[in-house]
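Asker: final.cif is reproduced in full below (mmCIF, C-alpha atoms).
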data_my_file
loop_
_atom_site.label_atom_id
_atom_site.label_comp_id
_atom_site.auth_asym_id
_atom_site.auth_seq_id
_atom_site.Cartn_x
_atom_site.Cartn_y
_atom_site.Cartn_z
CA MET A 24 -53.92 93.99 32.54
CA PRO A 25 -52.83 91.27 30.10
CA ALA A 26 -49.43 89.68 30.56
CA ALA A 27 -46.64 91.34 28.61
CA ALA A 28 -45.40 89.55 25.51
CA ARG A 29 -42.03 87.88 26.06
CA ARG A 30 -39.23 88.23 23.55
CA PRO A 31 -36.45 85.66 23.08
CA CYS A 32 -33.02 86.89 24.17
CA VAL A 33 -29.77 86.98 22.21
CA LEU A 34 -26.64 87.22 24.35
CA VAL A 35 -24.21 89.52 22.53
CA PHE A 36 -20.47 89.86 23.15
CA ALA A 37 -19.08 92.76 21.13
CA GLY A 38 -17.25 96.06 21.27
CA HIS A 39 -18.69 99.54 21.72
CA ASP A 40 -18.45 101.81 18.68
CA PRO A 41 -19.06 105.43 19.77
CA SER A 42 -20.23 106.37 16.26
CA GLY A 43 -23.19 104.00 16.68
CA GLY A 44 -22.61 102.46 13.27
CA ALA A 45 -21.15 99.09 14.24
CA GLY A 46 -20.56 96.89 17.29
CA ILE A 47 -23.01 96.66 20.17
CA ALA A 48 -25.23 99.48 18.87
CA ALA A 49 -25.64 97.81 15.49
CA ASP A 50 -26.26 94.41 17.09
CA SER A 51 -28.94 95.77 19.43
CA GLU A 52 -30.82 97.53 16.65
CA ALA A 53 -30.68 94.59 14.24
CA ILE A 54 -31.76 92.05 16.85
CA ALA A 55 -34.65 94.25 18.00
CA ALA A 56 -35.79 94.65 14.41
CA GLN A 57 -36.18 90.85 14.17
CA GLY A 58 -38.47 90.80 17.21
CA ALA A 59 -35.87 89.52 19.67
CA HIS A 60 -34.04 91.25 22.55
CA ALA A 61 -30.28 91.84 22.85
CA LEU A 62 -28.49 91.22 26.14
CA THR A 63 -25.32 93.24 25.58
CA VAL A 64 -21.93 92.45 27.10
CA ILE A 65 -19.29 94.96 25.98
CA THR A 66 -15.90 93.37 25.41
CA ALA A 67 -13.98 96.45 24.33
CA LEU A 68 -14.21 100.23 24.15
CA THR A 69 -13.07 101.48 20.77
CA VAL A 70 -11.97 104.88 19.54
CA GLN A 71 -13.52 105.20 16.09
CA ASP A 72 -15.77 107.23 13.86
CA ASN A 73 -17.76 106.18 10.81
CA GLN A 74 -14.57 105.92 8.76
CA HIS A 75 -11.62 104.67 10.84
CA ALA A 76 -10.77 102.88 14.10
CA TYR A 77 -7.92 104.46 16.08
CA ALA A 78 -7.66 102.42 19.29
CA VAL A 79 -9.12 99.42 21.13
CA HIS A 80 -9.29 99.18 24.92
CA ALA A 81 -10.20 95.72 26.20
CA VAL A 82 -12.68 95.22 29.05
CA ASP A 83 -11.32 92.95 31.79
CA ALA A 84 -12.31 89.31 31.27
CA GLN A 85 -13.71 88.99 34.81
CA ILE A 86 -16.06 91.94 34.26
CA ILE A 87 -17.23 90.36 31.00
CA LEU A 88 -17.92 87.05 32.76
CA GLN A 89 -19.72 88.70 35.69
CA GLN A 90 -22.10 90.40 33.28
CA ALA A 91 -22.71 87.25 31.24
CA MET A 92 -23.26 85.01 34.27
CA THR A 93 -25.68 87.50 35.83
CA LEU A 94 -27.75 87.64 32.65
CA ALA A 95 -27.74 83.88 32.03
CA ALA A 96 -28.79 83.18 35.61
CA ARG A 97 -32.09 84.99 35.06
CA MET A 98 -32.80 85.06 31.34
CA GLN A 99 -33.18 82.14 28.96
CA ILE A 100 -30.58 82.55 26.22
CA ALA A 101 -32.04 81.66 22.81
CA ALA A 102 -28.93 82.50 20.74
CA VAL A 103 -25.47 84.02 21.09
CA LYS A 104 -23.83 86.56 18.78
CA LEU A 105 -20.07 87.19 18.91
CA GLY A 106 -18.23 90.23 17.57
CA ILE A 107 -14.84 91.63 18.53
CA VAL A 108 -13.36 90.47 21.84
CA ALA A 109 -10.13 92.55 21.81
CA HIS A 110 -7.64 89.78 22.67
CA SER A 111 -7.18 86.04 23.22
CA LYS A 112 -7.69 86.18 27.01
CA ASN A 113 -11.19 87.55 26.56
CA ALA A 114 -11.88 85.07 23.76
CA GLY A 115 -10.84 82.14 25.96
CA ALA A 116 -13.01 83.29 28.86
CA ILE A 117 -16.03 83.83 26.61
CA ALA A 118 -15.53 80.48 24.86
CA ASN A 119 -15.44 78.65 28.22
CA PHE A 120 -18.63 80.39 29.30
CA ILE A 121 -20.38 79.48 26.03
CA GLN A 122 -19.31 75.85 26.39
CA GLN A 123 -21.07 75.79 29.76
CA LEU A 124 -24.21 77.20 28.15
CA GLN A 125 -24.02 74.63 25.35
CA ARG A 126 -23.79 71.79 27.87
CA ARG A 127 -27.00 73.04 29.49
CA GLN A 128 -28.63 73.89 26.16
CA PRO A 129 -27.55 71.47 23.42
CA GLY A 130 -28.11 73.00 20.00
CA LEU A 131 -27.75 76.61 21.21
CA PRO A 132 -27.04 78.74 18.09
CA VAL A 133 -23.79 80.72 18.32
CA VAL A 134 -23.14 83.15 15.45
CA LEU A 135 -19.57 84.41 15.11
CA ASP A 136 -18.83 87.46 13.00
CA PRO A 137 -15.01 87.14 12.85
CA VAL A 138 -14.23 90.85 12.74
CA LEU A 139 -10.49 91.03 12.07
CA GLY A 140 -10.39 94.75 11.30
CA SER A 141 -12.48 97.70 10.23
CA GLY A 142 -13.74 98.08 6.68
CA HIS A 143 -10.62 100.10 5.94
CA GLY A 144 -8.29 97.57 7.53
CA ASP A 145 -7.78 99.30 10.89
CA ALA A 146 -6.96 96.94 13.77
CA LEU A 147 -9.79 95.98 16.12
CA ALA A 148 -7.78 93.66 18.37
CA GLN A 149 -4.73 93.90 20.55
CA GLY A 150 -2.08 91.72 18.91
CA ASP A 151 -2.81 89.12 16.24
CA ALA A 152 -6.55 89.26 15.49
CA VAL A 153 -6.59 85.81 13.85
CA ALA A 154 -4.93 84.20 16.87
CA ALA A 155 -7.21 86.09 19.24
CA ILE A 156 -10.44 84.54 17.93
CA GLN A 157 -9.25 80.92 17.77
CA PRO A 158 -11.11 79.89 20.98
CA LEU A 159 -14.34 81.28 19.53
CA LEU A 160 -14.05 79.19 16.37
CA LYS A 161 -14.40 76.13 18.59
CA VAL A 162 -17.80 77.14 20.01
CA ALA A 163 -19.45 78.88 17.05
CA THR A 164 -22.18 77.03 15.18
CA LEU A 165 -22.19 79.55 12.30
CA ILE A 166 -19.26 81.70 11.14
CA THR A 167 -19.88 84.66 8.80
CA PRO A 168 -16.56 85.89 7.34
CA ASN A 169 -16.31 88.32 4.45
CA LEU A 170 -13.83 87.66 1.66
CA PRO A 171 -10.80 89.35 3.31
CA GLU A 172 -11.56 87.66 6.64
CA ALA A 173 -11.90 84.24 5.02
CA SER A 174 -8.52 84.76 3.32
CA ARG A 175 -6.83 85.71 6.59
CA LEU A 176 -8.41 82.83 8.50
CA CYS A 177 -7.47 80.33 5.77
CA PRO A 178 -4.19 81.46 4.19
CA GLY A 179 -3.34 79.71 0.97
CA ALA A 180 -6.83 78.24 0.47
CA ALA A 181 -7.92 78.12 -3.17
CA GLY A 182 -11.35 79.73 -3.17
CA SER A 183 -14.38 79.82 -0.92
CA LEU A 184 -15.02 76.06 -0.89
CA GLU A 185 -11.58 75.25 0.50
CA GLN A 186 -11.85 78.15 2.95
CA ALA A 187 -15.18 76.84 4.19
CA GLN A 188 -13.84 73.30 4.51
CA ARG A 189 -11.00 74.53 6.71
CA LEU A 190 -13.35 76.53 8.93
CA LEU A 191 -15.72 73.57 9.20
CA HIS A 192 -12.93 71.55 10.83
CA HIS A 193 -13.71 73.57 13.95
CA ALA A 194 -16.89 72.99 15.96
CA CYS A 195 -19.11 74.95 13.59
CA GLN A 196 -21.56 73.18 11.33
CA ASP A 197 -22.07 76.10 8.93
CA VAL A 198 -20.17 78.92 7.25
CA LEU A 199 -21.56 81.88 5.31
CA ILE A 200 -18.86 83.51 3.18
CA LYS A 201 -19.96 87.02 2.23
CA GLY A 202 -19.02 88.59 -1.08
CA GLY A 203 -19.51 92.24 -0.14
CA HIS A 204 -15.82 93.09 -0.60
CA GLY A 205 -15.68 91.79 -4.16
CA GLN A 206 -15.87 93.80 -7.38
CA GLU A 207 -18.70 92.06 -9.24
CA ALA A 208 -21.98 93.84 -9.96
CA GLN A 209 -23.74 91.29 -7.77
CA VAL A 210 -22.77 90.42 -4.20
CA ARG A 211 -22.66 86.63 -3.93
CA ASN A 212 -22.98 85.04 -0.48
CA LEU A 213 -22.28 81.30 -0.19
CA TRP A 214 -23.50 78.97 2.57
CA TYR A 215 -21.49 75.82 3.27
CA ARG A 216 -22.38 72.94 5.61
CA ARG A 217 -20.07 70.39 7.16
CA ASP A 218 -21.94 67.43 5.70
CA GLN A 219 -21.96 68.73 2.09
CA LEU A 220 -19.15 68.96 -0.45
CA GLN A 221 -20.65 71.91 -2.29
CA ALA A 222 -22.49 75.09 -1.35
CA ALA A 223 -25.75 74.39 0.45
CA GLY A 224 -27.11 77.74 -0.62
CA ALA A 225 -26.20 80.83 -2.63
CA TRP A 226 -27.68 84.31 -2.70
CA GLU A 227 -27.00 87.21 -5.04
CA TRP A 228 -27.75 90.81 -4.11
CA GLN A 229 -27.31 94.01 -6.07
CA ARG A 230 -24.06 95.72 -5.13
CA LEU A 231 -25.01 99.13 -3.84
CA PRO A 232 -22.99 102.31 -4.39
CA GLY A 233 -20.98 103.72 -1.51
CA GLU A 234 -19.45 102.12 1.58
CA PHE A 235 -21.22 101.09 4.77
CA HIS A 236 -20.23 101.06 8.44
CA GLY A 237 -21.49 98.02 10.34
CA SER A 238 -22.99 95.93 7.54
CA GLY A 239 -21.33 92.72 8.80
CA CYS A 240 -22.53 93.31 12.36
CA THR A 241 -26.02 93.96 11.04
CA LEU A 242 -26.20 90.70 9.09
CA ALA A 243 -24.75 88.44 11.80
CA ALA A 244 -26.98 89.99 14.47
CA ALA A 245 -30.08 89.70 12.28
CA ILE A 246 -29.34 86.01 11.66
CA ALA A 247 -28.88 85.46 15.41
CA GLY A 248 -32.18 87.23 16.07
CA GLN A 249 -33.96 85.02 13.55
CA LEU A 250 -32.46 81.89 15.11
CA ALA A 251 -33.58 83.08 18.56
CA LEU A 252 -37.13 83.23 17.20
CA GLY A 253 -36.87 79.51 16.45
CA ASN A 254 -36.46 79.74 12.68
CA SER A 255 -34.35 77.22 10.80
CA LEU A 256 -30.87 78.28 9.73
CA GLN A 257 -31.95 78.46 6.08
CA GLN A 258 -34.84 80.76 7.04
CA ALA A 259 -32.56 82.83 9.26
CA LEU A 260 -29.99 83.26 6.49
CA GLN A 261 -32.67 84.30 4.01
CA GLN A 262 -34.46 86.69 6.35
CA GLY A 263 -31.22 88.13 7.70
CA GLN A 264 -29.88 88.90 4.23
CA GLU A 265 -33.16 90.44 3.04
CA TYR A 266 -33.26 92.65 6.13
CA THR A 267 -29.62 93.71 5.74
CA GLN A 268 -29.97 94.50 2.04
CA HIS A 269 -32.97 96.71 2.81
CA SER A 270 -31.04 98.37 5.64
CA LEU A 271 -28.22 99.20 3.23
CA GLN A 272 -30.63 100.48 0.58
CA GLN A 273 -32.03 102.90 3.18
CA ALA A 274 -28.63 103.84 4.66
CA TYR A 275 -28.07 107.41 5.84
CA ALA A 276 -25.08 109.71 6.41
CA ILE A 277 -23.81 111.17 9.69
CA ALA A 278 -20.63 112.62 8.12
CA ASP A 279 -18.57 112.22 5.00
CA GLY A 280 -17.43 108.63 4.48
CA GLN A 281 -19.18 105.38 5.26
CA LEU A 282 -22.96 105.32 5.49
CA ILE A 283 -24.93 103.92 8.43
CA PRO A 284 -27.41 101.08 7.69
CA GLN A 285 -30.99 102.03 8.50
CA ARG A 286 -31.67 99.14 10.87
CA PHE A 287 -34.96 100.53 12.17
CA HIS A 288 -36.88 100.76 8.93
CA VAL A 289 -38.81 103.98 8.51
#
Will you turn the file into structure tokens for me?
Answerer:
Amino acid sequence: MPAAARRPCVLVFAGHDPSGGAGIAADSEAIAAQGAHALTVITALTVQDNQHAYAVHAVDAQIILQQAMTLAARMQIAAVKLGIVAHSKNAGAIANFIQQLQRRQPGLPVVLDPVLGSGHGDALAQGDAVAAIQPLLKVATLITPNLPEASRLCPGAAGSLEQAQRLLHHACQDVLIKGGHGQEAQVRNLWYRRDQLQAAGAWEWQRLPGEFHGSGCTLAAAIAGQLALGNSLQQALQQGQEYTQHSLQQAYAIADGQLIPQRFHV
């Protein structure tokens, strides 16, 4: 019997969404669709449907670390993807763990989707969501905020360039500011790098009708999966966006309200 093919692993820290539209479920599906494997550490249990989030219950930081250490002791981590962490204590514990990984694996990609609330503005953290993720900004190599998140992370900044410059003062080398919450006919996503004074890349995608549950998770996880495969960041950004756009084009309904991206393409 031939040896089984081995898939690269993405270590995911994110919350559980019982609707299956966002969070760990979305991350797992999107990463698998890239040809990588998700190692899933749940940071919070949420009470939500495809339309609204009603409550967030944090998982104890020690349980999170026990899971992560057990996985990293046996599996080679090719990339890390970060979603909601519920509060600053969890964020600090996860950031310390990632720093240990980065010392052992210089250049380890860490993709942070800075989820500060649901698509309808419902809280997904206990306390101040911006303050809660500060430790994670120091270990991320790529941050993927949407327009409202970039505004909250960088209050008073005049436009996406200044927002990116502020975020790049942290450890990250790259920022992708997503235009999905704008009003233009085309969604414009802008990639900024620390060593460049203007956008390193720009993509425009047709704005699709309707609203979607878990589109940000899908994109960040797909990018992390592509990076785990060994692709360059530019390739990962391109492939991740193409995959996400197709997932949204094929989205399906489970109830009235936000649609679910079709992450396993049929």
Asker: Restricting the calculation to only C-alpha atoms, which member of A:Gly224, A:Val103, A:Pro158, A:Asn73 is positioned closest to Gly115 (chain A)?
Answerer: A:Pro158
Asker: Name the closest residue to Val82 (chain A) among the candidates A:Val70, A:Asn254, A:Leu62, A:Asn113; distances are taken between atoms, counting only C-alpha atoms.
Answerer: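 The shortest atom-to-atom distance to Val82 (chain A) comes from A:Asn113.
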Asker: In the coordinates of the file, take the point (-34.6, 91.4, 11.7) and a cut-off of 8 Å; then, counting all atoms listed in the file, name each qualifying protein, DNA or RNA residue as a list in words.
Answerer: Ala53, Ile54, Ala55, Ala56, Gln57, Gly58, Ala245, Ile246, Gly248, Gln249, Gln262, Gly263 and Tyr266 of chain A
Asker: What lies within 6 Å of Thr167 (chain A) using only C-alpha atoms, ignoring chain neighbours under 4 positions off, as a list in words?
Answerer: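 Counting only the stated atoms, we get Asp136, Val198, Leu199 and Ile200 of chain A.
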Asker: Quick one: residues within 9 Å of Asp83 (chain A), only C-alpha atoms counted, chain neighbours fewer than 5 positions away excluded, as a list in words?
Answerer: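 Those residues are Thr66, Ala67, Leu88 and Asn113 of chain A.
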Asker: Would you mind listing what lies within 8 Å of region 49-51 of chain A as a ChimeraX atom specification, with all atoms listed in the file counted and same-chain residues fewer than 4 positions away left out?
Answerer: /A:35,43-45,55,60-61,63,237,240-241,244-245,286
Asker: Got a sec to resolve the PyMOL selection byres ((chain A and resi 185) around 12) on this structure and send the residues as a list of chain:residue names?
Answerer: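 On this input, the PyMOL selection byres ((chain A and resi 185) around 12) captures A:Ala173, A:Ser174, A:Leu176, A:Cys177, A:Pro178, A:Gly179, A:Ala180, A:Ala181, A:Gly182, A:Ser183, A:Leu184, A:Gln186, A:Ala187, A:Gln188, A:Arg189, A:Leu190, A:Leu191, A:His192, A:Val198, A:Ile200, A:Tyr215, A:Arg217, A:Leu220, A:Gln221, A:Ala222.
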Asker: On this structure, which residues satisfy the PyMOL selection byres ((chain A and resi 29) around 10), written as a PyMOL selection string?
Answerer: chain A and resi 26-28+30-32+58-60
Asker: Next, write the just-selected residues to a file, as a short mmCIF file (atom, residue, chain, number, x, y, z; two decimals), in the coordinates of the input, keeping C-alpha atoms as the atom set.
Answerer:
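In the end it all went to again_14.cif:
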data_model
loop_
_atom_site.label_atom_id
_atom_site.label_comp_id
_atom_site.auth_asym_id
_atom_site.auth_seq_id
_atom_site.Cartn_x
_atom_site.Cartn_y
_atom_site.Cartn_z
CA ALA A 26 -49.43 89.68 30.56
CA ALA A 27 -46.64 91.34 28.61
CA ALA A 28 -45.40 89.55 25.51
CA ARG A 30 -39.23 88.23 23.55
CA PRO A 31 -36.45 85.66 23.08
CA CYS A 32 -33.02 86.89 24.17
CA GLY A 58 -38.47 90.80 17.21
CA ALA A 59 -35.87 89.52 19.67
CA HIS A 60 -34.04 91.25 22.55
#
Asker: Taking the file as shown, find all residues satisfying the PyMOL selection byres ((chain A and resi 72) around 8) and write them as a PDB file with C-alpha atoms, in the coordinates of the input.
Answerer:
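Result file follows (part-v3.pdb):
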ATOM      1  CA  ASP A  40     -18.450 101.810  18.680  1.00  0.00           C
ATOM      2  CA  PRO A  41     -19.060 105.430  19.770  1.00  0.00           C
ATOM      3  CA  SER A  42     -20.230 106.370  16.260  1.00  0.00           C
ATOM      4  CA  VAL A  70     -11.970 104.880  19.540  1.00  0.00           C
ATOM      5  CA  GLN A  71     -13.520 105.200  16.090  1.00  0.00           C
ATOM      6  CA  ASN A  73     -17.760 106.180  10.810  1.00  0.00           C
ATOM      7  CA  GLN A  74     -14.570 105.920   8.760  1.00  0.00           C
ATOM      8  CA  HIS A  75     -11.620 104.670  10.840  1.00  0.00           C
ATOM      9  CA  ALA A  76     -10.770 102.880  14.100  1.00  0.00           C
TER      10      ALA A  76
END
Asker: May I ask which of the residues A:Ala152, A:Ile283, A:Ile166, A:Ala91 is the closest one to Gln196 (chain A), counting only C-alpha atoms?
Answerer: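 When distances to Gln196 (chain A) are compared using only C-alpha atoms, the smallest one comes from A:Ile166.
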Asker: When you count all atoms listed in the file, which of these residues is closest to Ala276 (chain A): A:Gly233, A:Ala223, A:Leu260, A:Gln89?
Answerer: A:Gly233
Asker: Could you tell me which of A:Val162, A:Gln128, A:Glu52, A:Ala114 comes closest to Gln285 (chain A) if we count only C-alpha atoms?
Answerer: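 Using only C-alpha atoms, the shortest distance to Gln285 (chain A) belongs to A:Glu52.
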Asker: Using only C-alpha atoms, which residues sit within 12 Å of Gln261 (chain A) once same-chain residues fewer than 3 positions away are excluded, as a list of chain:residue names?
Answerer: A:Leu199, A:Asn212, A:Leu213, A:Trp214, A:Gly224, A:Ala225, A:Trp226, A:Glu227, A:Trp228, A:Leu242, A:Ala243, A:Ala245, A:Ile246, A:Gln249, A:Leu250, A:Asn254, A:Ser255, A:Leu256, A:Gln257, A:Gln258, A:Gln264, A:Glu265, A:Tyr266, A:Thr267, A:Gln268
Asker: Work out how far CA of His193 (chain A) is from CA of Ile100 (chain A), in Å to one decimal.
Answerer: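 Separation between CA of Ile100 (chain A) and CA of His193 (chain A): 22.7 Å.
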Asker: Check the smallest atom-to-atom distance from each of A:Gln229, A:Gln125, A:Ser238, A:Gln281 to Ala208 (chain A) using all atoms listed in the file, then report the winner.
Answerer: A:Gln229
Asker: Have a look at CA of Val64 (chain A) and CA of Phe36 (chain A) and let me know their distance in Å, one decimal.
Answerer: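 For CA of Val64 (chain A) relative to CA of Phe36 (chain A), the distance reads 4.9 Å.
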Asker: Which distance in Å separates CA of Gln273 (chain A) and CA of Ala259 (chain A), to one decimal?
Answerer: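 Pair CA of Gln273 (chain A) / CA of Ala259 (chain A) returns 21.0 Å.
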